Amino acid sequence: MKTIGLLGGMSWESSQSYYRSINQQVRARLGGLHSAKVILYSVDFAEIEALQHQGNWDRMAEILSAAARSLECAGADFLVIGTNTMHKVAPQIEGSIHMPLLHIADATARVLQRDGVTRVGLLGTRFTMEQEFYQERLEKADIEVLIPDEVQRERVHQVIYQELCQGTIRSSSRTSYLEIVESLSARGAQAVILGCTEIGLLIQQSDTPVPLYDTTVIHAEQAVEEALRASPN
């Protein structure tokens with residue numbers, strides 16, 4: 001089994017979901033007492049969040065690239081960045097390491113293609129919803145992306161940072177998110193991507209008839225597949 005390098009802490013609430021999902025999937029595939037080989041580097045999210053809202057992506061790239069190199073030196077065979085938003089600096093991180101990086105948007109696009117989804121709604125931070133770094137990966141896979149309107153985007157973003165990243169789950173926020181999911185469906189979305197790793201803490205498939213794609217679960221599944229793939233001779 002290969003060793004997964006998990007770059008987490010953005011937030012730690014979602015990192016524990018990654019760790020749980022990865023190990024649940026390993027146990028489901030191998031049975032018994034099997035668990036994943038994981039090396040976790042957890043950053044201080046307060047520092048990252050401040051830089052995000054300052055727009056200092058270069059500094060964030062430096063911090064996460066250094067963390068990725070630490071994981072590689074510790075013995076990780078490949079890298080998983082446990083956050084959607086910080087894939088904005090994935091090219092810089094990838095350029096600083098020798099091990100492969102499993103991109104969350106590419107993993108999601110493959111699952112959508114498999115399921116025949118060609119038009120999808122996207123929920124996430126403002127950075128993920130409004131900037132090109134995430135949407136363009138889906139569009140290259142011939143998947144049209146719909147995002148919420150301005151007011152809805154602000155609501156989604158606010159709930160992520162002020163509630164979910166701090167472990168707060170509110171029924172009023174769940175209602176707001178489900179209304180936004182319904183509005184995306186009404187605009188023609190065949191499904192909705194939970195494009196922030198904390199959103200799965202708030203809404204699940206049982207809450208709505210609209211198909212939901214939880215990127216944390218999808219990304220963890222790809223990581224497990226890679227971990228269990230035989231290494232080339």
# chains A, B, ... in the order shown; residues from 1 in each chain; ligands from 1
>>> residues_around(residues="Ser173 (chain A)", least_positions_apart="3", cutoff="9 Å", atoms="only C-alpha atoms", output="PyMOL selection string")
chain A and resi 155-156+159+163+169-170+176-178+202
>>> select_by_dssp(residues="region 65-169 of chain A", states="strand (DSSP E)", output="mmCIF file with all heavy atoms, in the first residue's frame")
data_model
loop_
_atom_site.group_PDB
_atom_site.id
_atom_site.type_symbol
_atom_site.label_atom_id
_atom_site.label_comp_id
_atom_site.auth_asym_id
_atom_site.auth_seq_id
_atom_site.Cartn_x
_atom_site.Cartn_y
_atom_site.Cartn_z
ATOM 1 N N PHE A 78 2.354 10.222 -2.692
ATOM 2 C CA PHE A 78 1.620 11.179 -3.511
ATOM 3 C C PHE A 78 0.902 12.140 -2.584
ATOM 4 O O PHE A 78 0.783 11.902 -1.374
ATOM 5 C CB PHE A 78 0.633 10.488 -4.460
ATOM 6 C CG PHE A 78 -0.423 9.659 -3.781
ATOM 7 C CD1 PHE A 78 -1.662 10.189 -3.456
ATOM 8 C CD2 PHE A 78 -0.191 8.320 -3.470
ATOM 9 C CE1 PHE A 78 -2.637 9.437 -2.835
ATOM 10 C CE2 PHE A 78 -1.165 7.547 -2.849
ATOM 11 C CZ PHE A 78 -2.400 8.108 -2.532
ATOM 12 N N LEU A 79 0.413 13.246 -3.157
ATOM 13 C CA LEU A 79 -0.138 14.328 -2.354
ATOM 14 C C LEU A 79 -1.627 14.530 -2.607
ATOM 15 O O LEU A 79 -2.083 14.532 -3.757
ATOM 16 C CB LEU A 79 0.590 15.637 -2.671
ATOM 17 C CG LEU A 79 0.116 16.886 -1.896
ATOM 18 C CD1 LEU A 79 0.413 16.747 -0.413
ATOM 19 C CD2 LEU A 79 0.776 18.140 -2.464
ATOM 20 N N VAL A 80 -2.362 14.730 -1.523
ATOM 21 C CA VAL A 80 -3.766 15.135 -1.560
ATOM 22 C C VAL A 80 -3.883 16.442 -0.774
ATOM 23 O O VAL A 80 -3.505 16.484 0.396
ATOM 24 C CB VAL A 80 -4.673 14.054 -0.932
ATOM 25 C CG1 VAL A 80 -6.110 14.555 -0.824
ATOM 26 C CG2 VAL A 80 -4.619 12.768 -1.751
ATOM 27 N N ILE A 81 -4.370 17.495 -1.425
ATOM 28 C CA ILE A 81 -4.615 18.767 -0.737
ATOM 29 C C ILE A 81 -6.058 18.735 -0.250
ATOM 30 O O ILE A 81 -6.986 18.731 -1.067
ATOM 31 C CB ILE A 81 -4.387 19.971 -1.667
ATOM 32 C CG1 ILE A 81 -2.987 19.919 -2.296
ATOM 33 C CG2 ILE A 81 -4.585 21.283 -0.912
ATOM 34 C CD1 ILE A 81 -2.775 20.982 -3.375
ATOM 35 N N LEU A 101 0.481 14.820 -7.582
ATOM 36 C CA LEU A 101 -0.583 15.515 -6.867
ATOM 37 C C LEU A 101 -1.916 15.096 -7.473
ATOM 38 O O LEU A 101 -2.096 15.183 -8.698
ATOM 39 C CB LEU A 101 -0.390 17.027 -6.969
ATOM 40 C CG LEU A 101 -1.376 17.928 -6.222
ATOM 41 C CD1 LEU A 101 -0.719 19.265 -5.881
ATOM 42 C CD2 LEU A 101 -2.646 18.199 -7.030
ATOM 43 N N LEU A 102 -2.849 14.658 -6.640
ATOM 44 C CA LEU A 102 -4.170 14.256 -7.115
ATOM 45 C C LEU A 102 -5.104 15.460 -6.997
ATOM 46 O O LEU A 102 -5.464 15.857 -5.892
ATOM 47 C CB LEU A 102 -4.707 13.082 -6.299
ATOM 48 C CG LEU A 102 -3.806 11.842 -6.217
ATOM 49 C CD1 LEU A 102 -4.549 10.705 -5.514
ATOM 50 C CD2 LEU A 102 -3.341 11.385 -7.591
ATOM 51 N N ARG A 119 -24.045 19.369 -16.957
ATOM 52 C CA ARG A 119 -24.317 20.709 -16.435
ATOM 53 C C ARG A 119 -24.486 20.594 -14.932
ATOM 54 O O ARG A 119 -25.367 19.890 -14.450
ATOM 55 C CB ARG A 119 -25.574 21.298 -17.067
ATOM 56 C CG ARG A 119 -25.901 22.708 -16.527
ATOM 57 C CD ARG A 119 -27.169 23.257 -17.149
ATOM 58 N NE ARG A 119 -26.988 23.497 -18.569
ATOM 59 C CZ ARG A 119 -27.991 23.752 -19.408
ATOM 60 N NH1 ARG A 119 -29.232 23.758 -18.978
ATOM 61 N NH2 ARG A 119 -27.732 23.978 -20.682
ATOM 62 N N VAL A 120 -23.629 21.308 -14.195
ATOM 63 C CA VAL A 120 -23.579 21.101 -12.751
ATOM 64 C C VAL A 120 -23.542 22.439 -12.017
ATOM 65 O O VAL A 120 -22.962 23.417 -12.502
ATOM 66 C CB VAL A 120 -22.347 20.236 -12.384
ATOM 67 C CG1 VAL A 120 -21.047 20.983 -12.616
ATOM 68 C CG2 VAL A 120 -22.408 19.717 -10.960
ATOM 69 N N GLY A 121 -24.185 22.499 -10.858
ATOM 70 C CA GLY A 121 -24.079 23.653 -9.980
ATOM 71 C C GLY A 121 -22.864 23.499 -9.091
ATOM 72 O O GLY A 121 -22.454 22.383 -8.761
ATOM 73 N N LEU A 122 -22.282 24.632 -8.688
ATOM 74 C CA LEU A 122 -21.073 24.609 -7.872
ATOM 75 C C LEU A 122 -21.259 25.479 -6.639
ATOM 76 O O LEU A 122 -21.518 26.684 -6.743
ATOM 77 C CB LEU A 122 -19.874 25.112 -8.682
ATOM 78 C CG LEU A 122 -18.546 25.274 -7.922
ATOM 79 C CD1 LEU A 122 -18.059 23.932 -7.389
ATOM 80 C CD2 LEU A 122 -17.499 25.913 -8.838
ATOM 81 N N LEU A 123 -21.111 24.880 -5.465
ATOM 82 C CA LEU A 123 -21.083 25.603 -4.200
ATOM 83 C C LEU A 123 -19.670 25.551 -3.642
ATOM 84 O O LEU A 123 -18.980 24.539 -3.759
ATOM 85 C CB LEU A 123 -22.043 24.969 -3.181
ATOM 86 C CG LEU A 123 -23.522 24.890 -3.545
ATOM 87 C CD1 LEU A 123 -24.303 24.282 -2.384
ATOM 88 C CD2 LEU A 123 -24.072 26.259 -3.907
ATOM 89 N N GLU A 144 -20.533 21.975 -18.094
ATOM 90 C CA GLU A 144 -20.940 23.358 -17.906
ATOM 91 C C GLU A 144 -21.165 23.610 -16.418
ATOM 92 O O GLU A 144 -21.767 22.790 -15.721
ATOM 93 C CB GLU A 144 -22.220 23.652 -18.684
ATOM 94 C CG GLU A 144 -22.720 25.079 -18.557
ATOM 95 C CD GLU A 144 -24.031 25.315 -19.278
ATOM 96 O OE1 GLU A 144 -24.510 24.395 -19.976
ATOM 97 O OE2 GLU A 144 -24.588 26.426 -19.130
ATOM 98 N N VAL A 145 -20.703 24.753 -15.940
ATOM 99 C CA VAL A 145 -20.771 25.069 -14.512
ATOM 100 C C VAL A 145 -21.698 26.253 -14.272
ATOM 101 O O VAL A 145 -21.556 27.302 -14.897
ATOM 102 C CB VAL A 145 -19.370 25.387 -13.939
ATOM 103 C CG1 VAL A 145 -19.465 25.720 -12.451
ATOM 104 C CG2 VAL A 145 -18.418 24.218 -14.168
ATOM 105 N N LEU A 146 -22.654 26.082 -13.360
ATOM 106 C CA LEU A 146 -23.531 27.154 -12.924
ATOM 107 C C LEU A 146 -23.182 27.506 -11.486
ATOM 108 O O LEU A 146 -22.936 26.615 -10.666
ATOM 109 C CB LEU A 146 -25.001 26.712 -12.987
ATOM 110 C CG LEU A 146 -25.535 26.201 -14.324
ATOM 111 C CD1 LEU A 146 -26.987 25.773 -14.181
ATOM 112 C CD2 LEU A 146 -25.404 27.264 -15.405
#
>>> closest_atom_pairs(of="region 80-157 of chain A", to="region 53-69 of chain A", cutoff="8 Å", atoms="only C-alpha atoms", output="Markdown table")
| residue | atom | partner | partner_atom | distance |
| --- | --- | --- | --- | --- |
| A:Val89 | CA | A:Ala61 | CA | 5.6 |
| A:Ala90 | CA | A:Ala61 | CA | 8.0 |
| A:Gln92 | CA | A:Ala61 | CA | 6.2 |
| A:Ile93 | CA | A:Ser65 | CA | 4.6 |
| A:Glu94 | CA | A:Ser65 | CA | 7.9 |
| A:Ser96 | CA | A:Ser65 | CA | 6.2 |
| A:Ile97 | CA | A:Arg69 | CA | 6.0 |
>>> write_last_selection(atoms="all heavy atoms", output="tab-separated table (two decimals), in the first residue's frame")
chain	number	residue	atom	x	y	z
A	89	VAL	N	-3.55	27.27	-5.87
A	89	VAL	CA	-2.09	27.28	-5.93
A	89	VAL	C	-1.52	25.88	-6.18
A	89	VAL	O	-0.33	25.64	-5.97
A	89	VAL	CB	-1.47	27.90	-4.66
A	89	VAL	CG1	-1.90	29.35	-4.53
A	89	VAL	CG2	-1.85	27.12	-3.41
A	90	ALA	N	-2.36	24.96	-6.65
A	90	ALA	CA	-1.90	23.60	-6.94
A	90	ALA	C	-0.74	23.57	-7.93
A	90	ALA	O	0.20	22.79	-7.76
A	90	ALA	CB	-3.05	22.73	-7.43
A	92	GLN	N	1.72	25.68	-8.35
A	92	GLN	CA	2.96	26.03	-7.66
A	92	GLN	C	3.40	24.90	-6.73
A	92	GLN	O	4.58	24.58	-6.65
A	92	GLN	CB	2.77	27.32	-6.85
A	92	GLN	CG	2.51	28.56	-7.70
A	92	GLN	CD	1.03	28.88	-7.83
A	92	GLN	OE1	0.23	28.00	-8.20
A	92	GLN	NE2	0.66	30.11	-7.52
A	93	ILE	N	2.45	24.30	-6.03
A	93	ILE	CA	2.78	23.18	-5.14
A	93	ILE	C	3.32	22.01	-5.96
A	93	ILE	O	4.35	21.42	-5.61
A	93	ILE	CB	1.53	22.75	-4.33
A	93	ILE	CG1	1.08	23.90	-3.41
A	93	ILE	CG2	1.84	21.49	-3.52
A	93	ILE	CD1	-0.26	23.64	-2.73
A	94	GLU	N	2.63	21.69	-7.04
A	94	GLU	CA	3.05	20.56	-7.88
A	94	GLU	C	4.45	20.78	-8.43
A	94	GLU	O	5.23	19.83	-8.55
A	94	GLU	CB	2.04	20.40	-9.02
A	94	GLU	CG	2.13	19.10	-9.77
A	94	GLU	CD	0.95	18.89	-10.67
A	94	GLU	OE1	0.28	19.89	-11.05
A	94	GLU	OE2	0.67	17.72	-11.03
A	96	SER	N	6.85	22.18	-6.99
A	96	SER	CA	7.87	22.17	-5.93
A	96	SER	C	8.17	20.77	-5.40
A	96	SER	O	9.03	20.62	-4.53
A	96	SER	CB	7.40	23.05	-4.76
A	96	SER	OG	6.37	22.42	-4.02
A	97	ILE	N	7.46	19.76	-5.90
A	97	ILE	CA	7.63	18.39	-5.40
A	97	ILE	C	7.86	17.43	-6.57
A	97	ILE	O	7.63	17.78	-7.73
A	97	ILE	CB	6.39	17.94	-4.58
A	97	ILE	CG1	5.10	18.06	-5.41
A	97	ILE	CG2	6.30	18.72	-3.28
A	97	ILE	CD1	3.84	17.60	-4.71
>>> atom_distance(atom1="CA of Leu7 (chain A)", atom2="CA of Lys88 (chain A)")
14.2 Å
>>> closest_residue(among="A:Gln190, A:Arg174, A:Leu40, A:Gly5", to="Pro211 (chain A)", atoms="only C-alpha atoms")
A:Gln190
>>> atom_distance(atom1="CA of His103 (chain A)", atom2="CA of Glu226 (chain A)")
12.3 Å
>>> residues_around(residues="Leu112 (chain A)", least_positions_apart="4", cutoff="12 Å", atoms="only C-alpha atoms", output="count of residues only")
27
>>> closest_residue(among="A:Thr3, A:Gln222, A:Thr125, A:Ser70", to="Thr83 (chain A)", atoms="only C-alpha atoms")
A:Thr125
